[in-house]
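Enquirer: Next comes the structure file start-v6.cif, holding mmCIF, C-alpha atoms.
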data_my_file
loop_
_atom_site.label_atom_id
_atom_site.label_comp_id
_atom_site.auth_asym_id
_atom_site.auth_seq_id
_atom_site.Cartn_x
_atom_site.Cartn_y
_atom_site.Cartn_z
CA MET A 1 -54.99 136.45 -20.49
CA GLN A 2 -54.83 136.52 -24.26
CA GLN A 3 -57.87 135.32 -26.22
CA ASP A 4 -58.28 134.42 -29.85
CA THR A 5 -61.30 133.33 -31.86
CA THR A 6 -61.33 130.56 -34.42
CA ASN A 7 -64.06 129.71 -36.94
CA GLY A 8 -64.83 126.49 -38.70
CA MET A 9 -65.01 122.92 -37.64
CA SER A 10 -61.99 121.53 -35.83
CA CYS A 11 -62.25 117.74 -35.66
CA THR A 12 -59.28 115.44 -35.35
CA SER A 13 -59.14 111.75 -36.20
CA GLU A 14 -59.05 110.52 -32.59
CA ALA A 15 -61.75 108.10 -31.50
CA VAL A 16 -64.92 108.97 -29.69
CA ASN A 17 -64.58 105.74 -27.73
CA GLN A 18 -61.52 107.23 -26.03
CA SER A 19 -63.55 110.16 -24.80
CA ILE A 20 -66.38 107.94 -23.63
CA ASN A 21 -64.01 105.51 -21.93
CA SER A 22 -62.43 108.36 -20.03
CA ARG A 23 -65.61 108.27 -17.93
CA GLU A 24 -66.85 104.71 -18.30
CA GLN A 25 -64.45 101.94 -19.28
CA ASP A 26 -65.42 98.98 -21.45
CA GLN A 27 -68.75 100.46 -22.58
CA MET A 28 -69.55 100.00 -26.26
CA LEU A 29 -72.34 101.82 -28.00
CA THR A 30 -74.80 99.47 -29.63
CA GLU A 31 -77.38 100.09 -32.33
CA GLU A 32 -80.20 99.69 -29.80
CA GLU A 33 -78.62 102.35 -27.56
CA ILE A 34 -78.42 104.76 -30.49
CA ASP A 35 -82.09 104.18 -31.34
CA ALA A 36 -83.06 104.72 -27.70
CA PHE A 37 -80.97 107.88 -27.55
CA ILE A 38 -82.51 109.29 -30.73
CA GLU A 39 -86.02 108.50 -29.49
CA SER A 40 -85.36 110.28 -26.20
CA GLU A 41 -83.88 113.27 -28.04
CA GLN A 42 -86.94 113.50 -30.28
CA ARG A 43 -89.27 113.23 -27.29
CA ALA A 44 -87.33 115.88 -25.42
CA ALA A 45 -87.38 118.14 -28.49
CA ARG A 46 -91.19 117.86 -28.70
CA GLU A 47 -91.35 118.86 -25.03
CA GLY A 48 -89.18 121.91 -25.67
CA ASN A 49 -85.87 120.50 -24.46
CA ASN A 50 -83.31 119.05 -26.87
CA ALA A 51 -81.15 117.30 -24.25
CA ASP A 52 -81.76 114.06 -22.39
CA CYS A 53 -80.03 114.53 -19.03
CA ASN A 54 -80.36 110.85 -18.20
CA SER A 55 -78.26 109.80 -21.18
CA ARG A 56 -74.64 108.87 -20.46
CA TYR A 57 -73.72 110.40 -23.80
CA THR A 58 -75.16 113.81 -22.95
CA PRO A 59 -72.79 116.46 -21.49
CA GLN A 60 -73.39 117.48 -17.91
CA LEU A 61 -72.36 120.63 -16.08
CA GLY A 62 -69.30 119.87 -13.97
CA MET A 63 -68.32 116.84 -16.05
CA GLU A 64 -64.54 116.29 -16.15
CA PHE A 65 -62.30 114.93 -18.90
CA GLU A 66 -58.69 113.80 -18.95
CA SER A 67 -57.78 116.11 -21.84
CA ARG A 68 -59.13 118.85 -24.08
CA GLU A 69 -59.32 116.34 -26.94
CA ASP A 70 -61.52 114.03 -24.85
CA ALA A 71 -63.97 116.86 -24.15
CA HIS A 72 -63.89 117.91 -27.79
CA HIS A 73 -64.65 114.41 -29.08
CA PHE A 74 -67.31 113.76 -26.48
CA PHE A 75 -69.28 116.87 -27.45
CA HIS A 76 -68.81 116.05 -31.14
CA PHE A 77 -70.18 112.56 -30.56
CA TYR A 78 -73.15 113.99 -28.68
CA GLY A 79 -73.83 116.19 -31.70
CA PHE A 80 -73.43 113.17 -33.96
CA LEU A 81 -76.13 111.31 -32.03
CA ALA A 82 -78.47 114.28 -31.59
CA GLY A 83 -78.23 115.46 -35.21
CA PHE A 84 -76.31 118.73 -35.18
CA GLU A 85 -72.75 119.79 -35.95
CA ILE A 86 -70.21 121.27 -33.52
CA VAL A 87 -67.80 124.12 -34.15
CA ASN A 88 -65.03 125.53 -31.95
CA THR A 89 -65.84 129.24 -31.65
CA HIS A 90 -63.42 130.52 -29.02
CA THR A 91 -60.19 129.49 -27.32
CA SER A 92 -58.33 131.18 -24.48
CA ARG A 93 -54.57 130.94 -24.07
CA THR A 94 -52.38 131.69 -21.09
CA THR A 95 -49.90 134.58 -21.20
CA ASP A 96 -47.60 132.85 -18.73
CA LYS A 97 -44.25 132.24 -20.43
CA LYS A 98 -43.74 129.08 -18.40
CA ARG A 99 -46.84 127.51 -19.98
CA ASN A 100 -45.76 128.50 -23.49
CA ASN A 101 -49.07 130.08 -24.62
CA GLU A 102 -51.07 126.95 -23.84
CA ILE A 103 -54.84 126.70 -24.33
CA PHE A 104 -56.72 126.59 -21.01
CA LYS A 105 -60.34 127.20 -22.08
CA VAL A 106 -62.39 126.21 -25.15
CA GLU A 107 -65.89 127.22 -26.23
CA MET A 108 -67.86 124.92 -28.54
CA LYS A 109 -71.21 125.78 -30.12
CA CYS A 110 -73.82 124.40 -32.47
CA GLN A 111 -73.10 125.04 -36.15
CA SER A 112 -76.23 127.24 -36.32
CA TYR A 113 -74.84 129.80 -33.88
CA GLY A 114 -74.75 133.43 -35.01
CA LYS A 115 -77.27 135.81 -36.52
CA ALA A 116 -79.38 134.82 -39.51
CA ARG A 117 -78.62 136.36 -42.89
CA LYS A 118 -80.45 139.56 -43.68
CA LYS A 119 -81.39 141.13 -46.99
CA LYS A 120 -82.13 144.74 -47.70
CA THR A 121 -85.40 145.54 -49.48
CA LYS A 122 -85.97 148.40 -51.91
CA GLY A 123 -87.04 150.64 -49.05
CA ASP A 124 -83.83 149.84 -47.18
CA VAL A 125 -85.90 147.89 -44.65
CA GLU A 126 -84.08 144.76 -43.47
CA GLU A 127 -86.02 141.54 -43.21
CA VAL A 128 -84.77 138.11 -42.10
CA ILE A 129 -84.80 135.46 -44.82
CA ASP A 130 -85.91 132.19 -43.25
CA ILE A 131 -84.51 129.69 -45.72
CA GLN A 132 -85.73 126.67 -43.80
CA THR A 133 -89.43 127.60 -44.00
CA LYS A 134 -89.44 129.55 -47.28
CA LYS A 135 -91.55 127.93 -49.97
CA LYS A 136 -90.87 128.05 -53.66
CA ASP A 137 -93.34 127.64 -56.48
CA LYS A 138 -90.76 126.08 -58.80
CA GLY A 139 -90.48 122.70 -57.13
CA PRO A 140 -88.38 121.59 -54.16
CA MET A 141 -85.25 123.45 -53.09
CA ARG A 142 -81.97 122.02 -54.32
CA LYS A 143 -79.57 120.50 -51.83
CA THR A 144 -76.96 122.88 -50.47
CA ASN A 145 -74.12 122.83 -47.97
CA VAL A 146 -74.89 126.36 -46.77
CA GLN A 147 -75.25 126.40 -42.99
CA ILE A 148 -78.41 128.08 -41.74
CA LYS A 149 -77.77 130.53 -38.90
CA THR A 150 -80.53 130.69 -36.29
CA ASP A 151 -78.58 132.23 -33.40
CA CYS A 152 -78.73 128.84 -31.68
CA PRO A 153 -77.78 129.17 -27.99
CA VAL A 154 -76.32 125.64 -27.60
CA VAL A 155 -72.81 125.88 -26.15
CA MET A 156 -70.36 123.91 -24.03
CA VAL A 157 -67.33 125.57 -22.41
CA VAL A 158 -64.56 123.51 -20.86
CA LYS A 159 -61.72 124.86 -18.75
CA GLU A 160 -58.57 123.27 -17.39
CA GLU A 161 -58.60 123.00 -13.60
CA LYS A 162 -55.96 121.04 -11.67
CA GLY A 163 -54.99 118.94 -14.69
CA LYS A 164 -58.62 118.11 -15.60
CA TRP A 165 -60.86 119.70 -18.22
CA LYS A 166 -64.17 120.64 -16.55
CA VAL A 167 -67.46 121.74 -18.13
CA ILE A 168 -68.07 125.21 -16.64
CA ARG A 169 -70.91 126.39 -18.92
CA LEU A 170 -73.50 124.32 -20.74
CA GLU A 171 -76.65 124.99 -22.78
CA LEU A 172 -78.33 122.21 -24.77
CA ASP A 173 -81.66 123.76 -25.89
CA HIS A 174 -81.75 124.31 -29.66
CA ASN A 175 -84.00 126.81 -31.42
CA HIS A 176 -84.12 124.86 -34.67
CA PRO A 177 -85.02 121.31 -35.79
CA LEU A 178 -82.37 118.61 -35.43
CA ASP A 179 -81.35 116.62 -38.50
CA LEU A 180 -81.52 113.13 -36.99
CA GLY A 181 -81.91 111.32 -40.30
CA ASN A 182 -78.91 112.78 -42.09
CA ARG A 183 -76.01 112.08 -39.74
CA GLN A 184 -73.73 110.42 -42.29
CA GLN A 185 -74.05 113.38 -44.67
CA LEU A 186 -73.60 115.99 -41.93
CA PHE A 187 -70.65 114.26 -40.31
CA SER A 188 -68.77 113.04 -43.37
CA GLY A 189 -65.66 114.79 -42.05
CA HIS A 190 -65.78 113.30 -38.57
CA LYS A 191 -63.34 110.42 -38.19
CA TYR A 192 -63.87 108.91 -34.76
CA MET A 193 -61.31 106.12 -35.08
CA SER A 194 -59.97 104.66 -31.87
CA GLU A 195 -56.36 103.57 -31.60
CA MET A 196 -57.55 99.96 -31.58
CA GLU A 197 -59.48 100.53 -34.81
CA LYS A 198 -56.43 102.16 -36.41
CA GLU A 199 -54.29 99.18 -35.47
CA LEU A 200 -56.96 96.85 -36.84
CA ILE A 201 -57.04 98.77 -40.13
CA ARG A 202 -53.24 98.63 -40.22
CA THR A 203 -53.33 94.83 -39.77
CA LEU A 204 -56.06 94.36 -42.37
CA ASN A 205 -54.18 96.65 -44.77
CA ASP A 206 -51.01 94.58 -44.37
CA ASN A 207 -53.06 91.54 -45.41
CA ASN A 208 -54.59 93.32 -48.45
CA ILE A 209 -58.17 93.20 -47.16
CA PRO A 210 -60.50 95.38 -49.33
CA THR A 211 -61.84 98.59 -47.80
CA ARG A 212 -65.48 97.46 -48.09
CA LYS A 213 -64.71 94.39 -45.99
CA MET A 214 -62.89 96.56 -43.46
CA ILE A 215 -66.07 98.64 -43.10
CA SER A 216 -68.09 95.46 -42.48
CA ILE A 217 -65.68 94.30 -39.78
CA LEU A 218 -65.47 97.71 -38.08
CA SER A 219 -69.23 98.25 -38.12
CA TYR A 220 -69.75 94.78 -36.61
CA LEU A 221 -67.34 95.60 -33.79
CA ARG A 222 -69.04 98.95 -33.20
CA GLY A 223 -72.48 97.38 -32.98
CA GLY A 224 -73.87 98.20 -36.43
CA VAL A 225 -73.46 100.58 -39.34
CA THR A 226 -75.36 103.34 -37.53
CA ALA A 227 -72.77 103.23 -34.74
CA LEU A 228 -69.87 103.77 -37.16
CA PRO A 229 -69.24 107.55 -37.25
CA TYR A 230 -66.97 107.48 -40.29
CA LYS A 231 -67.39 106.38 -43.88
CA LYS A 232 -65.67 104.17 -46.43
CA LYS A 233 -63.81 107.17 -47.80
CA ASP A 234 -62.31 107.91 -44.36
CA VAL A 235 -60.96 104.36 -44.08
CA ALA A 236 -59.59 104.56 -47.63
CA ASN A 237 -57.84 107.85 -46.78
CA PHE A 238 -56.32 106.32 -43.66
CA ARG A 239 -55.07 103.37 -45.73
CA THR A 240 -53.45 105.81 -48.17
CA LYS A 241 -51.74 107.54 -45.27
CA LEU A 242 -50.46 104.21 -44.00
CA ASN A 243 -49.12 103.24 -47.42
CA ARG A 244 -47.33 106.57 -47.78
CA THR A 245 -45.72 106.13 -44.38
CA ILE A 246 -44.59 102.61 -45.23
CA THR A 247 -43.24 103.71 -48.62
CA GLY A 248 -41.15 106.45 -47.02
CA SER A 249 -39.72 104.28 -44.27
CA ASP A 250 -39.76 100.76 -45.74
CA MET A 251 -35.98 100.35 -45.67
CA LYS A 252 -35.81 101.44 -42.04
CA GLN A 253 -38.55 98.95 -41.20
CA ALA A 254 -36.66 96.21 -43.02
CA LEU A 255 -33.49 97.02 -41.10
CA ASP A 256 -35.38 97.07 -37.78
CA TYR A 257 -36.95 93.72 -38.66
CA PHE A 258 -33.58 92.14 -39.41
CA ARG A 259 -32.09 93.53 -36.21
CA GLU A 260 -34.99 92.14 -34.21
CA LYS A 261 -34.54 88.71 -35.87
CA LYS A 262 -30.81 88.84 -35.12
CA ALA A 263 -31.46 89.70 -31.47
CA LYS A 264 -33.83 86.74 -31.10
CA ASP A 265 -31.68 84.31 -33.12
CA PRO A 266 -27.92 85.04 -33.25
CA SER A 267 -27.53 82.53 -36.10
CA PHE A 268 -29.71 84.71 -38.35
CA PHE A 269 -27.59 86.42 -41.05
CA TYR A 270 -28.27 89.48 -43.18
CA LYS A 271 -26.17 91.92 -45.21
CA PHE A 272 -26.82 95.24 -46.97
CA ASP A 273 -24.98 96.75 -49.92
CA VAL A 274 -25.05 100.56 -50.23
CA ASP A 275 -23.89 103.01 -52.89
CA GLU A 276 -21.74 106.12 -52.50
CA ASN A 277 -24.77 108.06 -51.20
CA LEU A 278 -25.42 105.39 -48.54
CA ARG A 279 -28.59 104.26 -50.28
CA VAL A 280 -29.35 100.55 -50.11
CA LYS A 281 -28.81 98.70 -53.40
CA ASN A 282 -28.90 95.01 -52.45
CA ILE A 283 -30.17 92.99 -49.47
CA PHE A 284 -29.25 89.40 -48.62
CA TRP A 285 -30.51 87.26 -45.71
CA ARG A 286 -30.92 83.69 -44.50
CA ASP A 287 -32.28 82.17 -41.29
CA ALA A 288 -31.07 79.39 -39.00
CA ASP A 289 -33.11 76.61 -40.63
CA SER A 290 -31.64 77.48 -44.03
CA MET A 291 -28.16 77.08 -42.58
CA LYS A 292 -29.05 73.58 -41.38
CA TYR A 293 -30.50 72.64 -44.78
CA TYR A 294 -27.39 73.92 -46.55
CA ALA A 295 -25.11 71.89 -44.26
CA GLU A 296 -27.01 68.73 -45.23
CA TYR A 297 -28.08 69.36 -48.83
CA GLY A 298 -25.89 72.23 -50.05
CA ASP A 299 -23.84 70.25 -52.56
CA CYS A 300 -26.12 71.39 -55.39
CA VAL A 301 -27.65 74.87 -55.49
CA SER A 302 -30.16 76.29 -57.95
CA PHE A 303 -30.07 80.06 -58.46
CA ASP A 304 -32.41 82.22 -60.52
CA THR A 305 -33.55 85.86 -60.75
CA THR A 306 -36.61 85.67 -62.95
CA TYR A 307 -39.17 86.38 -60.21
CA MET A 308 -39.93 90.13 -60.35
CA THR A 309 -43.56 90.55 -59.27
CA ASN A 310 -42.85 92.56 -56.10
CA LYS A 311 -44.08 96.16 -55.90
CA TYR A 312 -40.52 97.52 -56.20
CA ASN A 313 -39.98 95.68 -59.50
CA LEU A 314 -36.62 94.40 -58.26
CA PRO A 315 -35.12 91.01 -59.15
CA PHE A 316 -35.71 88.52 -56.37
CA ALA A 317 -32.81 86.07 -56.16
CA PRO A 318 -33.47 82.83 -54.23
CA PHE A 319 -30.89 80.09 -53.54
CA VAL A 320 -32.76 76.77 -53.61
CA GLY A 321 -31.82 73.12 -53.01
CA VAL A 322 -33.37 69.66 -52.87
CA THR A 323 -33.58 67.49 -49.74
CA GLY A 324 -32.90 63.77 -49.56
CA HIS A 325 -36.65 63.15 -49.88
CA GLY A 326 -36.91 65.16 -53.09
CA HIS A 327 -38.48 68.22 -51.48
CA THR A 328 -37.46 71.78 -52.29
CA CYS A 329 -35.59 73.61 -49.52
CA PHE A 330 -34.75 77.27 -49.20
CA PHE A 331 -31.14 78.28 -48.51
CA ALA A 332 -31.14 82.09 -48.79
CA CYS A 333 -32.56 84.97 -50.82
CA ALA A 334 -31.87 88.55 -51.83
CA PHE A 335 -33.25 91.65 -53.51
CA ILE A 336 -30.81 93.11 -56.01
CA CYS A 337 -30.85 96.42 -57.87
CA ASP A 338 -29.69 95.05 -61.22
CA GLU A 339 -28.22 91.98 -62.92
CA THR A 340 -24.63 93.06 -63.52
CA ILE A 341 -21.37 91.22 -62.82
CA GLU A 342 -20.55 93.43 -59.81
CA THR A 343 -23.96 92.87 -58.26
CA PHE A 344 -23.77 89.10 -58.70
CA LYS A 345 -20.23 89.06 -57.27
CA TRP A 346 -21.41 90.88 -54.14
CA LEU A 347 -24.37 88.51 -53.82
CA PHE A 348 -22.32 85.30 -54.20
CA GLU A 349 -19.71 86.56 -51.72
CA ALA A 350 -22.47 87.38 -49.25
CA PHE A 351 -23.88 83.87 -49.76
CA ILE A 352 -20.52 82.24 -48.97
CA GLU A 353 -20.11 84.48 -45.91
CA GLY A 354 -23.59 83.65 -44.68
CA MET A 355 -23.02 79.92 -45.16
CA GLY A 356 -19.82 79.83 -43.12
CA GLY A 357 -17.46 79.76 -46.12
CA LYS A 358 -18.81 76.53 -47.64
CA HIS A 359 -18.91 76.51 -51.46
CA PRO A 360 -21.44 74.38 -53.32
CA MET A 361 -20.15 71.59 -55.52
CA THR A 362 -22.58 72.48 -58.32
CA ILE A 363 -24.63 75.57 -59.10
CA ILE A 364 -27.44 75.58 -61.67
CA THR A 365 -28.49 78.85 -63.30
CA ASP A 366 -30.02 80.18 -66.47
CA GLN A 367 -27.94 81.26 -69.44
CA ASP A 368 -27.09 84.73 -68.13
CA ALA A 369 -23.67 86.05 -69.19
CA ALA A 370 -23.19 88.34 -66.17
CA MET A 371 -24.15 85.57 -63.79
CA LYS A 372 -21.73 83.17 -65.47
CA ALA A 373 -18.84 85.66 -65.24
CA ALA A 374 -19.50 86.30 -61.53
CA ILE A 375 -19.63 82.56 -60.78
CA GLU A 376 -16.26 82.05 -62.42
CA GLN A 377 -14.74 84.74 -60.18
CA VAL A 378 -16.34 83.71 -56.86
CA PHE A 379 -17.12 79.97 -57.00
CA LEU A 380 -13.68 78.86 -58.19
CA ASP A 381 -14.09 75.13 -57.51
CA THR A 382 -17.81 74.92 -58.25
CA LYS A 383 -19.19 73.32 -61.41
CA HIS A 384 -21.58 75.61 -63.26
CA ARG A 385 -24.44 74.03 -65.19
CA ASN A 386 -27.27 75.60 -67.17
CA CYS A 387 -30.84 74.80 -66.12
CA LEU A 388 -32.55 72.21 -68.33
CA PHE A 389 -35.81 74.15 -68.16
CA HIS A 390 -34.19 77.24 -69.68
CA ILE A 391 -32.42 75.15 -72.33
CA LYS A 392 -35.72 73.58 -73.44
CA LYS A 393 -37.42 76.97 -73.39
CA MET A 394 -34.72 78.52 -75.58
CA LEU A 395 -34.84 75.56 -77.98
CA GLN A 396 -38.59 75.88 -78.27
CA GLN A 397 -38.32 79.59 -79.07
CA LYS A 398 -35.54 79.02 -81.62
CA PHE A 399 -37.40 76.20 -83.40
CA GLU A 400 -40.60 78.25 -83.51
CA MET A 401 -38.70 81.06 -85.20
CA LEU A 402 -37.18 78.60 -87.68
CA CYS A 403 -40.56 77.06 -88.43
CA LYS A 404 -42.07 80.49 -89.09
CA GLN A 405 -39.33 81.23 -91.55
#
As structure tokens, what does this structure read like?
Expert:
Amino acid sequence: MQQDTTNGMSCTSEAVNQSINSREQDQMLTEEEIDAFIESEQRAAREGNNADCNSRYTPQLGMEFESREDAHHFFHFYGFLAGFEIVNTHTSRTTDKKRNNEIFKVEMKCQSYGKARKKKTKGDVEEVIDIQTKKKDKGPMRKTNVQIKTDCPVVMVVKEEKGKWKVIRLELDHNHPLDLGNRQQLFSGHKYMSEMEKELIRTLNDNNIPTRKMISILSYLRGGVTALPYKKKDVANFRTKLNRTITGSDMKQALDYFREKKAKDPSFFYKFDVDENLRVKNIFWRDADSMKYYAEYGDCVSFDTTYMTNKYNLPFAPFVGVTGHGHTCFFACAFICDETIETFKWLFEAFIEGMGGKHPMTIITDQDAAMKAAIEQVFLDTKHRNCLFHIKKMLQQKFEMLCKQ
């Protein structure tokens, strides 16, 4: 067997609930349970034992887990509750080529494992510097992230046996005080997010819910703020990761969405326009209801591209009509890369194709030269009229300029 040693904390962003549920399904940690656990840990520490063997969150010798990650997260969560940090100190890998150098044994210890720091005196006599109990005359000691080594014996070793990860060695007696009141500071890097919580954050992020409100919702579901083993910054970082993923694959998601709509409703229509590098330039789509509206009220169509408040800063081009009751109806829409004659020609041709070849009798637009030229080339028998709103707006601007002169 080949063995290698690793230092430093190794904590992934999987949820501690997954590790707990591997033994007991549908059990949710409440704030009262945390308080009871902490009280029992403090009582056991006063009696000389730091572990409460009756707690379902305390590791037991012979305990089995479905995976190495489950064992890892369970021991981390135990440390989170008890008030000490966990570090992976040793891993063992198989030398069997068939298993591809897989890890089969992991050793986890308290962060205070290892010998205490020593300092040589003038007489070359080494003495241990006990930083925790050392007093200073110049006021209180400043806060530091330096980990104090006390040669703590706490350790948990898990080994893979018949597809399960079993606890084969366990020691839970600490030789130093536990920091029960500073869990959030100690475990700022621990992100115990379950898959359900990640999906919830994804849903809330899609609906632009602020991070602070996400924390309130997640802490309520967990049973209180003390039961939430991650911070606002962790949720914000996960949201950033989600946004980066969406930004890099947004066009693929749009295409998948259109394909799914088409599979559910064959009358749904969409069309993409790509450049010479096969990058999407323009997107056009319309649904089945829009087709019905256009068949009834498509004699007059209003078209405009002035709405550009989307995050891509692209012109949004809706085709709009009016029903027999005077209500606005939506025929189709598109995102276009620019407002040139070629782009408008592609868009109008896609509109005719999506509407079964029916041309409108009248189309109302603003006073855009490129739009006018494209209409003359595509809508041959359609009457083109300028929008009264734009005419009044232009008149107002012109008269204001004249008045200023």
Enquirer: In Å, with one decimal, what is the gap from CA of Met156 in chain A to CA of Leu81 in chain A?
Expert: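 Interatomic distance, CA of Met156 in chain A to CA of Leu81 in chain A: 16.0 Å.
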Enquirer: On this file, the PyMOL selection byres ((chain A and resi 155) around 8) gives some set of residues; write that set as a list in words.
Expert: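 For this structure, the PyMOL selection byres ((chain A and resi 155) around 8) resolves to Glu107, Met108, Lys109, Cys110, Pro153, Val154, Met156, Val157, Arg169, Leu170, Glu171 and Leu172 of chain A.
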Enquirer: Restricting the calculation to all atoms listed in the file: of A:Glu161, A:Glu349, A:Glu296, A:Glu339, which residue gets closest to Ala369 in chain A?
Expert: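 Selected residue with least distance to Ala369 in chain A: A:Glu339.
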Enquirer: Between A:Glu342, A:Asp381, A:Asp304, A:Asp250, which residue has the minimum interatomic distance to Val320 in chain A, considering only C-alpha atoms?
Expert: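 Distance minimum relative to Val320 in chain A lands on A:Asp304.
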Enquirer: For Glu85 in chain A, please output as an MDAnalysis selection string all residues within 7 Å (counting only C-alpha atoms; exclusion window: fewer than 3 positions along the same chain).
Expert: chainID A and resid 79:80 110:111
Enquirer: Just want the 6 Å neighbourhood of Asp273 in chain A, counted on all atoms listed in the file, with same-chain residues fewer than 2 positions away dropped. Output as a VMD selection string.
Expert: chain A and resid 280 to 282
